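Source file: target_15.cif. Holds: mmCIF, C-alpha atoms.
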data_start
loop_
_atom_site.label_atom_id
_atom_site.label_comp_id
_atom_site.auth_asym_id
_atom_site.auth_seq_id
_atom_site.Cartn_x
_atom_site.Cartn_y
_atom_site.Cartn_z
CA MET B 10 0.00 0.00 0.00
CA THR B 11 1.46 3.34 -0.99
CA ALA B 12 1.47 6.33 1.34
CA SER B 13 -1.22 7.95 -0.78
CA ASN B 14 -3.42 4.86 -0.69
CA ALA B 15 -2.95 4.52 3.06
CA ALA B 16 -4.00 8.13 3.51
CA ARG B 17 -7.13 7.59 1.44
CA THR B 18 -8.89 5.99 4.42
CA HIS B 19 -8.12 8.95 6.69
CA ARG B 20 -10.59 11.81 7.08
CA VAL B 21 -9.31 15.27 7.99
CA LEU B 22 -11.48 18.23 9.00
CA VAL B 23 -9.96 21.65 8.21
CA VAL B 24 -11.45 24.51 10.24
CA ASP B 25 -10.44 28.05 9.23
CA ASP B 26 -12.48 31.15 8.41
CA GLU B 27 -9.91 32.32 5.85
CA PRO B 28 -10.99 30.59 2.60
CA ASN B 29 -7.56 30.81 0.98
CA ILE B 30 -5.89 29.01 3.90
CA ALA B 31 -8.61 26.36 4.15
CA ASP B 32 -8.47 25.79 0.38
CA VAL B 33 -4.68 25.45 0.27
CA ILE B 34 -4.59 22.93 3.11
CA SER B 35 -7.59 21.00 1.75
CA MET B 36 -6.17 20.79 -1.77
CA ALA B 37 -2.80 19.57 -0.48
CA LEU B 38 -4.45 16.90 1.66
CA ARG B 39 -6.70 15.70 -1.17
CA TYR B 40 -3.67 15.50 -3.46
CA GLN B 41 -2.05 13.21 -0.90
CA GLY B 42 -5.15 11.02 -0.88
CA PHE B 43 -6.88 12.18 2.30
CA THR B 44 -10.64 12.64 2.47
CA VAL B 45 -11.20 16.27 3.47
CA GLN B 46 -14.05 18.41 4.71
CA ALA B 47 -13.81 22.10 5.61
CA ALA B 48 -15.67 24.31 8.09
CA ASP B 49 -15.40 28.06 8.61
CA ASP B 50 -16.62 28.48 12.19
CA GLY B 51 -16.87 26.64 15.48
CA LYS B 52 -20.49 25.54 15.24
CA SER B 53 -19.94 24.11 11.76
CA ALA B 54 -16.85 22.31 13.06
CA LEU B 55 -18.77 20.68 15.90
CA ARG B 56 -21.51 19.53 13.50
CA ALA B 57 -18.90 18.19 11.09
CA VAL B 58 -17.20 16.17 13.82
CA ALA B 59 -20.51 14.46 14.59
CA LYS B 60 -21.33 13.68 10.95
CA PHE B 61 -17.97 13.46 9.14
CA LYS B 62 -16.20 11.72 12.05
CA PRO B 63 -12.69 12.91 11.17
CA HIS B 64 -9.58 11.01 12.18
CA LEU B 65 -7.85 14.38 12.74
CA MET B 66 -8.73 18.08 12.81
CA VAL B 67 -6.68 21.10 11.74
CA LEU B 68 -8.29 23.80 13.88
CA ASP B 69 -7.70 27.54 13.63
CA ILE B 70 -7.88 29.29 17.00
CA MET B 71 -9.29 32.59 15.71
CA LEU B 72 -12.83 31.80 14.51
CA PRO B 73 -15.78 34.21 14.15
CA ASP B 74 -18.21 32.61 16.61
CA MET B 75 -16.03 30.87 19.18
CA ASP B 76 -12.31 30.31 19.40
CA GLY B 77 -10.63 27.01 18.70
CA PHE B 78 -10.01 26.47 22.39
CA GLU B 79 -13.77 26.51 23.03
CA VAL B 80 -14.31 24.06 20.15
CA ALA B 81 -11.73 21.72 21.72
CA ARG B 82 -13.32 22.14 25.17
CA ARG B 83 -16.77 21.22 23.83
CA LEU B 84 -15.40 18.22 21.98
CA GLY B 85 -13.76 17.07 25.19
CA ALA B 86 -17.04 17.47 27.07
CA GLN B 87 -18.72 15.35 24.37
CA ARG B 88 -15.93 12.76 24.70
CA ALA B 89 -15.18 13.17 21.00
CA ASP B 90 -11.73 11.64 20.72
CA VAL B 91 -10.29 13.61 17.78
CA PRO B 92 -6.60 14.54 17.49
CA ILE B 93 -6.24 18.30 16.97
CA ILE B 94 -3.55 20.42 15.34
CA PHE B 95 -4.13 24.02 16.40
CA LEU B 96 -3.44 26.64 13.73
CA THR B 97 -2.92 30.26 14.73
CA ALA B 98 -1.16 33.54 14.05
CA ARG B 99 -0.35 33.81 17.76
CA ASP B 100 2.90 32.41 19.07
CA ALA B 101 2.44 32.97 22.80
CA THR B 102 3.64 30.16 25.05
CA GLU B 103 0.49 30.54 27.15
CA ASP B 104 -1.66 29.81 24.09
CA LYS B 105 0.34 26.69 23.29
CA ILE B 106 0.06 25.41 26.84
CA ARG B 107 -3.69 26.10 26.89
CA GLY B 108 -4.22 24.35 23.56
CA LEU B 109 -2.27 21.26 24.57
CA THR B 110 -4.01 21.18 27.95
CA LEU B 111 -7.40 21.16 26.21
CA GLY B 112 -6.44 18.06 24.26
CA GLY B 113 -4.57 19.48 21.28
CA ASP B 114 -1.87 17.24 19.85
CA ASP B 115 0.20 19.91 18.08
CA TYR B 116 0.40 23.65 17.43
CA VAL B 117 1.41 25.31 14.15
CA THR B 118 2.01 29.05 13.87
CA LYS B 119 1.16 31.06 10.76
CA PRO B 120 2.79 31.55 8.34
CA PHE B 121 3.47 27.88 7.73
CA SER B 122 4.40 25.61 4.86
CA VAL B 123 1.96 23.01 3.56
CA GLU B 124 4.75 20.44 3.84
CA GLU B 125 4.99 21.17 7.56
CA ILE B 126 1.26 20.62 8.04
CA LEU B 127 1.38 17.34 6.11
CA ALA B 128 4.39 16.12 8.08
CA ARG B 129 2.73 16.91 11.40
CA ILE B 130 -0.52 15.23 10.34
CA ARG B 131 1.34 12.03 9.41
CA THR B 132 3.31 12.11 12.66
CA ILE B 133 0.15 12.38 14.75
CA LEU B 134 -1.64 9.66 12.78
CA ARG B 135 1.32 7.36 13.44
CA ARG B 136 1.39 8.37 17.11
CA VAL B 137 -2.28 7.55 17.67
CA GLY B 138 -2.11 4.33 15.69
CA LEU B 139 -4.03 5.40 12.59
CA ALA B 140 -1.20 5.05 10.11
CA GLN B 141 -0.59 1.68 8.51
CA ASP B 142 2.84 0.77 7.17
CA ASN B 143 1.29 -1.49 4.56
CA GLY B 144 -1.84 -3.50 4.00
CA ASN B 145 -0.61 -6.42 6.10
CA HIS B 146 0.85 -4.52 9.04
CA LEU B 147 -1.08 -2.66 11.72
CA SER B 148 0.34 -0.45 14.46
CA PHE B 149 -1.21 1.16 17.52
CA ALA B 150 0.83 2.73 20.33
CA ASP B 151 3.44 0.03 21.13
CA LEU B 152 1.39 -2.76 19.53
CA GLU B 153 2.38 -4.30 16.19
CA LEU B 154 0.36 -6.86 14.24
CA ASP B 155 1.74 -8.57 11.13
CA ASP B 156 -0.74 -10.48 8.97
CA ASP B 157 2.01 -12.14 6.93
CA THR B 158 3.58 -13.85 9.95
CA ARG B 159 0.49 -13.62 12.21
CA GLU B 160 2.76 -12.28 14.91
CA VAL B 161 1.74 -9.73 17.53
CA THR B 162 4.29 -7.81 19.56
CA ARG B 163 4.07 -5.20 22.28
CA SER B 164 7.13 -3.09 23.07
CA GLY B 165 9.05 -5.60 20.97
CA GLN B 166 7.87 -8.58 23.04
CA LEU B 167 6.15 -11.40 21.16
CA ILE B 168 2.63 -12.19 22.41
CA GLU B 169 1.16 -15.62 21.70
CA LEU B 170 -2.52 -15.36 20.75
CA THR B 171 -5.11 -17.91 19.78
CA ASP B 172 -6.77 -17.51 16.39
CA THR B 173 -9.87 -15.90 17.91
CA GLU B 174 -7.81 -13.55 20.09
CA TYR B 175 -5.79 -12.56 17.03
CA ARG B 176 -8.90 -11.79 14.96
CA LEU B 177 -10.40 -9.81 17.84
CA LEU B 178 -7.28 -7.68 18.25
CA ARG B 179 -6.97 -7.20 14.49
CA TYR B 180 -10.54 -5.89 14.25
CA LEU B 181 -9.93 -3.45 17.10
CA MET B 182 -6.67 -2.28 15.48
CA LEU B 183 -8.46 -1.70 12.18
CA HIS B 184 -10.73 0.77 14.00
CA PRO B 185 -8.52 2.47 16.61
CA ARG B 186 -10.15 4.96 18.98
CA HIS B 187 -13.62 4.08 17.64
CA VAL B 188 -16.25 2.62 19.95
CA LEU B 189 -17.29 -0.72 18.48
CA THR B 190 -20.55 -2.27 19.60
CA ARG B 191 -20.69 -5.83 20.86
CA ALA B 192 -22.85 -6.75 17.85
CA GLN B 193 -20.29 -5.30 15.42
CA ILE B 194 -17.44 -7.21 17.03
CA LEU B 195 -19.33 -10.48 17.19
CA ASP B 196 -20.41 -10.14 13.56
CA HIS B 197 -16.93 -9.34 12.21
CA VAL B 198 -14.76 -11.52 14.44
CA TRP B 199 -16.99 -14.57 14.49
CA GLU B 200 -18.14 -13.81 10.93
CA TYR B 201 -21.79 -14.66 11.36
CA ASP B 202 -24.85 -13.28 13.10
CA PHE B 203 -24.10 -14.49 16.60
CA GLY B 204 -27.35 -15.38 18.29
CA GLY B 205 -25.90 -17.28 21.24
CA ASP B 206 -24.50 -16.15 24.57
CA ALA B 207 -22.75 -12.82 24.00
CA ARG B 208 -20.67 -13.47 27.12
CA VAL B 209 -18.26 -15.26 24.83
CA LEU B 210 -17.05 -11.80 23.74
CA GLU B 211 -16.42 -10.66 27.32
CA THR B 212 -14.50 -13.86 27.91
CA TYR B 213 -12.19 -13.34 24.93
CA VAL B 214 -11.70 -9.65 25.73
CA SER B 215 -10.62 -10.72 29.21
CA TYR B 216 -8.15 -13.26 27.78
CA LEU B 217 -6.75 -10.72 25.33
CA ARG B 218 -6.43 -7.98 27.94
CA LYS B 219 -4.52 -10.28 30.28
CA LYS B 220 -1.97 -11.08 27.59
CA LEU B 221 -1.57 -7.48 26.39
CA GLU B 222 -1.41 -6.00 29.89
CA SER B 223 1.40 -8.34 30.90
CA HIS B 224 3.55 -6.09 28.67
CA GLY B 225 2.04 -2.64 29.28
CA PRO B 226 -0.94 -0.57 30.42
CA ARG B 227 -4.53 -1.13 29.29
CA VAL B 228 -5.43 -0.25 25.70
CA ILE B 229 -8.76 -2.09 25.35
CA HIS B 230 -11.36 -0.05 27.20
CA THR B 231 -14.97 -0.95 28.01
CA VAL B 232 -17.61 1.58 27.03
CA ARG B 233 -20.48 0.78 29.36
CA GLY B 234 -23.66 -0.27 27.62
CA VAL B 235 -22.07 -0.11 24.16
CA GLY B 236 -18.94 -2.17 23.59
CA TYR B 237 -15.19 -1.66 23.43
CA ALA B 238 -12.62 0.79 22.08
CA LEU B 239 -8.89 0.62 21.48
CA ARG B 240 -7.43 3.75 23.06
CA MET B 241 -4.01 5.12 23.84
CA PRO B 242 -2.65 4.11 27.28
CA ARG B 243 -3.50 6.61 29.97
CA GLY B 244 -0.56 8.30 31.57
#

Starting from the file, lay out its structure as structure tokens.
Amino acid sequence: MTASNAARTHRVLVVDDEPNIADVISMALRYQGFTVQAADDGKSALRAVAKFKPHLMVLDIMLPDMDGFEVARRLGAQRADVPIIFLTARDATEDKIRGLTLGGDDYVTKPFSVEEILARIRTILRRVGLAQDNGNHLSFADLELDDDTREVTRSGQLIELTDTEYRLLRYLMLHPRHVLTRAQILDHVWEYDFGGDARVLETYVSYLRKKLESHGPRVIHTVRGVGYALRMPRG
């Protein structure tokens, strides 16, 4: 899988009220194969996150209705787990600290080069486990899964998994940071409409967690009443 093809599955939301800046960034991202949507104010950005479900957001701080910090705060309150690159003309250290505290992953000061934006986007996607090296290799945090060898490692340590545990982890790694319902997991991992005792899923999640957590902190999190999500280890 080429870099462009890998990017094609990634959705980026560009939020800036200056059309020329939004257009330049959007065009560059589309050229690299990303799926892009743009918004020009905070309210539009919040609606777009709910509908477009971006893997990453480039968010200008100076917006006409609310600043980017408020957008990030509201997303945090909604538990919308979206990596954010703040974009601003201000270079104050206090602004950077505030942005990162509110959940921002990076901070780019205008003027900037498109190459810099692209590089930072790719870095963050790799960091949060959304970048794939190739079609047969998946990465998330310190986890590596190789379909060619069917090997799973964490922090370089080989982890022996059963076939079902492997398929369960693979499905979670194909959808990092997304909340997957129990029905979705049962349907895709067991590959049929599972009408039996759904406790089989909880059992295998428990087995898988035990093996993964022997090499590091928890990455498979339970979302009460819904299902499970693969999330970055909590500090």

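Nearest to Met182 (chain B) of all the residues B:His146, B:Arg39, B:Arg159, B:Arg233 is B:His146, counting all atoms listed in the file.
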
Contact residues around region 212-229 of chain B with all atoms listed in the file at 10 Å, ignoring same-chain residues under 5 positions, as a ChimeraX atom specification: /B:149-152,161-171,173-175,177-178,181,185-186,207,237-244

Separation of CA of Ser122 (chain B) from CA of Arg82 (chain B) in Å: 27.2 Å

Distance criterion (only C-alpha atoms): nearest to Met36 (chain B) out of B:Ile93, B:Val123, B:Lys62, B:Asp76: B:Val123

Residue members of the PyMOL selection byres ((chain B and resi 66) around 10) in the file shown, as a PyMOL selection string: chain B and resi 20-24+45-47+54+58+62-65+67-69+91-95+113-114+130

For Val117 (chain B): contacts at 9 Å, only C-alpha atoms, fewer than 4 positions along chain excluded, given as a PyMOL selection string: chain B and resi 94-98+100+121+125-126+129

Could you save those same residues with C-alpha atoms as a CSV table (one decimal), in the frame of the given file?
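File written: again.csv
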chain,number,residue,atom,x,y,z
B,94,ILE,CA,-3.6,20.4,15.3
B,95,PHE,CA,-4.1,24.0,16.4
B,96,LEU,CA,-3.4,26.6,13.7
B,97,THR,CA,-2.9,30.3,14.7
B,98,ALA,CA,-1.2,33.5,14.0
B,100,ASP,CA,2.9,32.4,19.1
B,121,PHE,CA,3.5,27.9,7.7
B,125,GLU,CA,5.0,21.2,7.6
B,126,ILE,CA,1.3,20.6,8.0
B,129,ARG,CA,2.7,16.9,11.4

Gap from CA of Ala128 (chain B) to CA of Phe43 (chain B) - Å, one decimal: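 Going from CA of Ala128 (chain B) over to CA of Phe43 (chain B), I get 13.3 Å.
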
Residue with smallest distance to Met71 (chain B) - pool B:Gly51, B:Pro120, B:Asp172, B:Leu195, counting all atoms listed in the file: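 Answer, going by the shortest atom-to-atom distance: B:Gly51.
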
Distance in Å - CA of His19 (chain B) versus CA of Thr44 (chain B):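 CA of His19 (chain B) sits 6.1 Å away from CA of Thr44 (chain B).
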
Hits from the PyMOL selection byres ((chain B and resi 74) around 8), listed as a list in words: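 Checking the PyMOL selection byres ((chain B and resi 74) around 8) against this file, the residues are Asp50, Gly51, Lys52, Leu72, Pro73, Met75 and Asp76 of chain B.
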
Among the residues B:His197, B:Lys60, B:Arg191, B:Arg83, the one that comes closest to Arg176 (chain B) [using all atoms listed in the file]: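 Closest candidate: B:His197.
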
Would you output region 32-186 of chain B from that structure, restricted to C-alpha atoms, as a compact mmCIF listing (two decimals), in the first residue's frame?
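As a result, selection-v8.txt now contains:
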# COMPACT_ATOMS: atom_id res chain seq x y z
CA ASP B 32 -8.47 25.79 0.38
CA VAL B 33 -4.68 25.45 0.27
CA ILE B 34 -4.59 22.93 3.11
CA SER B 35 -7.59 21.00 1.75
CA MET B 36 -6.17 20.79 -1.77
CA ALA B 37 -2.80 19.57 -0.48
CA LEU B 38 -4.45 16.90 1.66
CA ARG B 39 -6.70 15.70 -1.17
CA TYR B 40 -3.67 15.50 -3.46
CA GLN B 41 -2.05 13.21 -0.90
CA GLY B 42 -5.15 11.02 -0.88
CA PHE B 43 -6.88 12.18 2.30
CA THR B 44 -10.64 12.64 2.47
CA VAL B 45 -11.20 16.27 3.47
CA GLN B 46 -14.05 18.41 4.71
CA ALA B 47 -13.81 22.10 5.61
CA ALA B 48 -15.67 24.31 8.09
CA ASP B 49 -15.40 28.06 8.61
CA ASP B 50 -16.62 28.48 12.19
CA GLY B 51 -16.87 26.64 15.48
CA LYS B 52 -20.49 25.54 15.24
CA SER B 53 -19.94 24.11 11.76
CA ALA B 54 -16.85 22.31 13.06
CA LEU B 55 -18.77 20.68 15.90
CA ARG B 56 -21.51 19.53 13.50
CA ALA B 57 -18.90 18.19 11.09
CA VAL B 58 -17.20 16.17 13.82
CA ALA B 59 -20.51 14.46 14.59
CA LYS B 60 -21.33 13.68 10.95
CA PHE B 61 -17.97 13.46 9.14
CA LYS B 62 -16.20 11.72 12.05
CA PRO B 63 -12.69 12.91 11.17
CA HIS B 64 -9.58 11.01 12.18
CA LEU B 65 -7.85 14.38 12.74
CA MET B 66 -8.73 18.08 12.81
CA VAL B 67 -6.68 21.10 11.74
CA LEU B 68 -8.29 23.80 13.88
CA ASP B 69 -7.70 27.54 13.63
CA ILE B 70 -7.88 29.29 17.00
CA MET B 71 -9.29 32.59 15.71
CA LEU B 72 -12.83 31.80 14.51
CA PRO B 73 -15.78 34.21 14.15
CA ASP B 74 -18.21 32.61 16.61
CA MET B 75 -16.03 30.87 19.18
CA ASP B 76 -12.31 30.31 19.40
CA GLY B 77 -10.63 27.01 18.70
CA PHE B 78 -10.01 26.47 22.39
CA GLU B 79 -13.77 26.51 23.03
CA VAL B 80 -14.31 24.06 20.15
CA ALA B 81 -11.73 21.72 21.72
CA ARG B 82 -13.32 22.14 25.17
CA ARG B 83 -16.77 21.22 23.83
CA LEU B 84 -15.40 18.22 21.98
CA GLY B 85 -13.76 17.07 25.19
CA ALA B 86 -17.04 17.47 27.07
CA GLN B 87 -18.72 15.35 24.37
CA ARG B 88 -15.93 12.76 24.70
CA ALA B 89 -15.18 13.17 21.00
CA ASP B 90 -11.73 11.64 20.72
CA VAL B 91 -10.29 13.61 17.78
CA PRO B 92 -6.60 14.54 17.49
CA ILE B 93 -6.24 18.30 16.97
CA ILE B 94 -3.55 20.42 15.34
CA PHE B 95 -4.13 24.02 16.40
CA LEU B 96 -3.44 26.64 13.73
CA THR B 97 -2.92 30.26 14.73
CA ALA B 98 -1.16 33.54 14.05
CA ARG B 99 -0.35 33.81 17.76
CA ASP B 100 2.90 32.41 19.07
CA ALA B 101 2.44 32.97 22.80
CA THR B 102 3.64 30.16 25.05
CA GLU B 103 0.49 30.54 27.15
CA ASP B 104 -1.66 29.81 24.09
CA LYS B 105 0.34 26.69 23.29
CA ILE B 106 0.06 25.41 26.84
CA ARG B 107 -3.69 26.10 26.89
CA GLY B 108 -4.22 24.35 23.56
CA LEU B 109 -2.27 21.26 24.57
CA THR B 110 -4.01 21.18 27.95
CA LEU B 111 -7.40 21.16 26.21
CA GLY B 112 -6.44 18.06 24.26
CA GLY B 113 -4.57 19.48 21.28
CA ASP B 114 -1.87 17.24 19.85
CA ASP B 115 0.20 19.91 18.08
CA TYR B 116 0.40 23.65 17.43
CA VAL B 117 1.41 25.31 14.15
CA THR B 118 2.01 29.05 13.87
CA LYS B 119 1.16 31.06 10.76
CA PRO B 120 2.79 31.55 8.34
CA PHE B 121 3.47 27.88 7.73
CA SER B 122 4.40 25.61 4.86
CA VAL B 123 1.96 23.01 3.56
CA GLU B 124 4.75 20.44 3.84
CA GLU B 125 4.99 21.17 7.56
CA ILE B 126 1.26 20.62 8.04
CA LEU B 127 1.38 17.34 6.11
CA ALA B 128 4.39 16.12 8.08
CA ARG B 129 2.73 16.91 11.40
CA ILE B 130 -0.52 15.23 10.34
CA ARG B 131 1.34 12.03 9.41
CA THR B 132 3.31 12.11 12.66
CA ILE B 133 0.15 12.38 14.75
CA LEU B 134 -1.64 9.66 12.78
CA ARG B 135 1.32 7.36 13.44
CA ARG B 136 1.39 8.37 17.11
CA VAL B 137 -2.28 7.55 17.67
CA GLY B 138 -2.11 4.33 15.69
CA LEU B 139 -4.03 5.40 12.59
CA ALA B 140 -1.20 5.05 10.11
CA GLN B 141 -0.59 1.68 8.51
CA ASP B 142 2.84 0.77 7.17
CA ASN B 143 1.29 -1.49 4.56
CA GLY B 144 -1.84 -3.50 4.00
CA ASN B 145 -0.61 -6.42 6.10
CA HIS B 146 0.85 -4.52 9.04
CA LEU B 147 -1.08 -2.66 11.72
CA SER B 148 0.34 -0.45 14.46
CA PHE B 149 -1.21 1.16 17.52
CA ALA B 150 0.83 2.73 20.33
CA ASP B 151 3.44 0.03 21.13
CA LEU B 152 1.39 -2.76 19.53
CA GLU B 153 2.38 -4.30 16.19
CA LEU B 154 0.36 -6.86 14.24
CA ASP B 155 1.74 -8.57 11.13
CA ASP B 156 -0.74 -10.48 8.97
CA ASP B 157 2.01 -12.14 6.93
CA THR B 158 3.58 -13.85 9.95
CA ARG B 159 0.49 -13.62 12.21
CA GLU B 160 2.76 -12.28 14.91
CA VAL B 161 1.74 -9.73 17.53
CA THR B 162 4.29 -7.81 19.56
CA ARG B 163 4.07 -5.20 22.28
CA SER B 164 7.13 -3.09 23.07
CA GLY B 165 9.05 -5.60 20.97
CA GLN B 166 7.87 -8.58 23.04
CA LEU B 167 6.15 -11.40 21.16
CA ILE B 168 2.63 -12.19 22.41
CA GLU B 169 1.16 -15.62 21.70
CA LEU B 170 -2.52 -15.36 20.75
CA THR B 171 -5.11 -17.91 19.78
CA ASP B 172 -6.77 -17.51 16.39
CA THR B 173 -9.87 -15.90 17.91
CA GLU B 174 -7.81 -13.55 20.09
CA TYR B 175 -5.79 -12.56 17.03
CA ARG B 176 -8.90 -11.79 14.96
CA LEU B 177 -10.40 -9.81 17.84
CA LEU B 178 -7.28 -7.68 18.25
CA ARG B 179 -6.97 -7.20 14.49
CA TYR B 180 -10.54 -5.89 14.25
CA LEU B 181 -9.93 -3.45 17.10
CA MET B 182 -6.67 -2.28 15.48
CA LEU B 183 -8.46 -1.70 12.18
CA HIS B 184 -10.73 0.77 14.00
CA PRO B 185 -8.52 2.47 16.61
CA ARG B 186 -10.15 4.96 18.98
